[in-house]
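In what follows, a structure is listed as structure tokens, so that the remarks can point back to it.
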Amino acid sequence: MCAPIDVSRNVNYISEAEAAEVQAVVIGAGQAGLSSAYHLRRTGFEPERDFVVLDHNPGPGGAWRYRWPSLTYGRVHGMHSLPGMELTDADPARPSSEVITEYFDRYERTFGLRVRRPVKVRTVREGAGGRLLVETSAGTWSTRTLINATGTWDRPFWPRYEGQETFRGRQLHTAQYPGPEAFAGQRVVVVGGGASATQHLLEIAPYAADTTWVTRRPPVFREDPFDEQAGRAAVALVEERVRQGLPPRSVVSVTGLLLNDAIRRGIADGVLDRQPMFDRITPEGVEWKGGRQVAADVILWATGFRPAIDHLTPLRLREPGGGIRVEGTRAVADPRVHLVGYGPSASTVGANRAGRAAVRDIRRLLAEERATV
């Protein structure tokens, strides 16, 4: 087996014959990637010898390291501990980016996962002898199997509207949200019908000169508790899409918005007064058919994210519907590839379960290969 690649080498000259050989490569070290790495190690795979974890971030935390400071740990919904180590005694007043980044860092060190970073995965393609080649900024790995756990944070979705390029104000996405103080005295249009949009509006309203909330569809609020049965039903709806090869929707998108006390106050105060989607953007703001206009200094797009899977393009996994057809976590078009944190496993608890399931499938595949040799 080849030794791990020296990242100081000029990777342009690394041939397939020189690539480090492993049994599994995990791409991404967020919740999904760390869960997968934990289960690999727990079942006998040795880091660096049998598998590697590659992460493009400069340090631990995954997408959590980029959450805005006002999103405190006490306001995070549904954060589930990683397998094997509970997240306990966290100060709910601290920024979630700090709490969870520290937790992930401690987790990596406790289980000796030896995450390599910053490593940018450029492409995954077919190699010789049924292996996959993972080409990165730090060299090339040759692997029998792949766990893709890259999430969505790196692919914010920006809708396109007529006149968008003429807007004289500032446009930014949730991924760039700096916190509410940055909008003091400004007129802000928030676009999106999810939890991020409502959180932004409730935070920004006390600082802004004016806020306007627009969505493509009327928001759906739910008062009933989101119990286990409701959770299973929501996951099943998302899972059916990926089985059909359609682009996944988030679990949150099918659960609706919880009608809690903060949301009720926002509705009563007029902050959460939803308006239909505008038809065009003007230099001064937004405009609807019929001539109604709203002046704006900022358009904040809380319009979600798409899976970061472009590096898998050479494997031709996408279906005509635009998504990757997945059974469990396994790509139907290539059983060597598992997508964890994709579609129904995008939640934190879902990522934990999916990591375990992916490793179980990988062990089975490798055992079948050995049996045929």
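By convention here, the chains of the structure tokens are called A, B, ... in the order presented, each chain's residues are numbered starting at 1, and ligands are numbered starting at 1 in the order presented.
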Mind listing the helix (DSSP H, G or I) residues of segment 4-191 of chain A, per DSSP on the backbone, as a ChimeraX atom specification?
-> /A:11-13,16-18,31-42,62-66,73-75,96-110,128-130,164-166,174-176,180-183
All residues 6 Å or closer to Ile281 of chain A, only C-alpha atoms, same chain fewer than 3 positions away omitted, as a ChimeraX atom specification = /A:163-164,285-286
File of the preceding selection, all heavy atoms, as a PDB file, in the first residue's frame:
```
ATOM      1  N   GLY A 163     -34.083  42.377 -14.010  1.00  0.00           N
ATOM      2  CA  GLY A 163     -33.603  43.623 -13.438  1.00  0.00           C
ATOM      3  C   GLY A 163     -32.643  43.464 -12.265  1.00  0.00           C
ATOM      4  O   GLY A 163     -32.186  44.461 -11.695  1.00  0.00           O
ATOM      5  N   GLN A 164     -32.312  42.227 -11.924  1.00  0.00           N
ATOM      6  CA  GLN A 164     -31.487  41.996 -10.742  1.00  0.00           C
ATOM      7  C   GLN A 164     -30.141  42.721 -10.810  1.00  0.00           C
ATOM      8  O   GLN A 164     -29.658  43.250  -9.806  1.00  0.00           O
ATOM      9  CB  GLN A 164     -31.269  40.487 -10.594  1.00  0.00           C
ATOM     10  CG  GLN A 164     -30.774  40.045  -9.245  1.00  0.00           C
ATOM     11  CD  GLN A 164     -31.012  38.565  -9.021  1.00  0.00           C
ATOM     12  OE1 GLN A 164     -31.497  37.855  -9.895  1.00  0.00           O
ATOM     13  NE2 GLN A 164     -30.682  38.076  -7.846  1.00  0.00           N
ATOM     14  N   GLY A 285     -35.444  49.091  -5.883  1.00  0.00           N
ATOM     15  CA  GLY A 285     -36.134  48.131  -5.022  1.00  0.00           C
ATOM     16  C   GLY A 285     -36.750  46.996  -5.814  1.00  0.00           C
ATOM     17  O   GLY A 285     -36.131  46.453  -6.730  1.00  0.00           O
ATOM     18  N   VAL A 286     -37.990  46.646  -5.475  1.00  0.00           N
ATOM     19  CA  VAL A 286     -38.689  45.545  -6.151  1.00  0.00           C
ATOM     20  C   VAL A 286     -40.068  46.018  -6.599  1.00  0.00           C
ATOM     21  O   VAL A 286     -40.626  46.979  -6.057  1.00  0.00           O
ATOM     22  CB  VAL A 286     -38.814  44.317  -5.226  1.00  0.00           C
ATOM     23  CG1 VAL A 286     -37.441  43.778  -4.846  1.00  0.00           C
ATOM     24  CG2 VAL A 286     -39.623  44.637  -3.967  1.00  0.00           C
TER      25      VAL A 286
END
```
Among listed residues A:Val76, A:Ile147, A:Val191, A:Leu272, nearest Glu203 of chain A (using only C-alpha atoms) |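 Residue with the minimum atom-to-atom distance to Glu203 of chain A: A:Leu272.
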For Glu102 of chain A, please output as a list of chain:residue names all residues within 8 Å (counting only C-alpha atoms; exclusion window: fewer than 3 positions along the same chain).
->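 What passes the distance filter is A:Pro60, A:Gly61, A:Glu98, A:Val99, A:Asp105, A:Arg106.
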Do you know which residues are at most 12 Å from Val332 of chain A counting only C-alpha atoms, after dropping those on the same chain fewer than 5 positions away, and could you put them as JSON, numbers by chain?
-> {"A": [242, 243, 244, 245, 315, 316, 317, 318, 319, 323, 324, 325, 326, 327, 337, 338, 339]}
If we count only C-alpha atoms, what is near Ser196 of chain A at a cut-off of 9 Å, once residues fewer than 4 positions away on the same chain are taken out, given as a compact mmCIF listing (two decimals) with C-alpha atoms, in the first residue's frame?
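Here's the written file part.txt:
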```txt
# COMPACT_ATOMS: atom_id res chain seq x y z
CA THR A 174 -28.10 33.73 4.14
CA GLY A 192 -37.70 33.03 1.36
CA HIS A 200 -33.60 37.04 9.87
CA LEU A 201 -36.76 39.14 9.84
CA ALA A 302 -32.91 33.34 2.34
CA THR A 303 -33.52 30.92 -0.51
CA GLY A 304 -31.69 27.84 0.62
```
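Interatomic distance, atom CA of Trp141 of chain A to atom CA of Arg336 of chain A: 14.7 Å.
By only C-alpha atoms, and with residues fewer than 2 positions from Arg216 of chain A along its chain excluded, the set lying at most 7 Å from it is Pro218, Pro276 and Met277 of chain A.
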Write to file, as a PDB file, in the first residue's frame, the residues of the selection just made, with N, CA and C atoms.
```pdb
ATOM      1  N   PRO A 218     -47.413  30.802  -0.053  1.00  0.00           N
ATOM      2  CA  PRO A 218     -47.762  31.189   1.316  1.00  0.00           C
ATOM      3  C   PRO A 218     -47.091  30.257   2.320  1.00  0.00           C
ATOM      4  N   PRO A 276     -46.665  38.298  -1.653  1.00  0.00           N
ATOM      5  CA  PRO A 276     -46.320  37.407  -2.768  1.00  0.00           C
ATOM      6  C   PRO A 276     -45.014  37.832  -3.424  1.00  0.00           C
ATOM      7  N   MET A 277     -44.430  36.905  -4.161  1.00  0.00           N
ATOM      8  CA  MET A 277     -43.138  37.170  -4.788  1.00  0.00           C
ATOM      9  C   MET A 277     -43.239  38.317  -5.788  1.00  0.00           C
TER      10      MET A 277
END
```
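In this structure, atom CA of Glu223 of chain A sits 14.7 Å away from atom CA of Ala195 of chain A.
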Residues near Ala268 of chain A, cut-off 12 Å, only C-alpha atoms, skip fewer than 6 positions along chain, as a PDB file with C-alpha atoms, in the first residue's frame:
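Final file, selection29.pdb:
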```pdb
ATOM      1  CA  LEU A 202     -37.326  38.897  13.579  1.00  0.00           C
ATOM      2  CA  ASP A 261     -44.197  32.532  20.672  1.00  0.00           C
ATOM      3  CA  ALA A 262     -41.601  34.480  18.663  1.00  0.00           C
TER       4      ALA A 262
END
```
Pick out the closest residue to Phe167 of chain A from this set: A:Thr282, A:Thr152, A:Asn352, A:Thr123. Count only C-alpha atoms.
->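 Among A:Thr282, A:Thr152, A:Asn352, A:Thr123, it is A:Thr282 that comes nearest to Phe167 of chain A.
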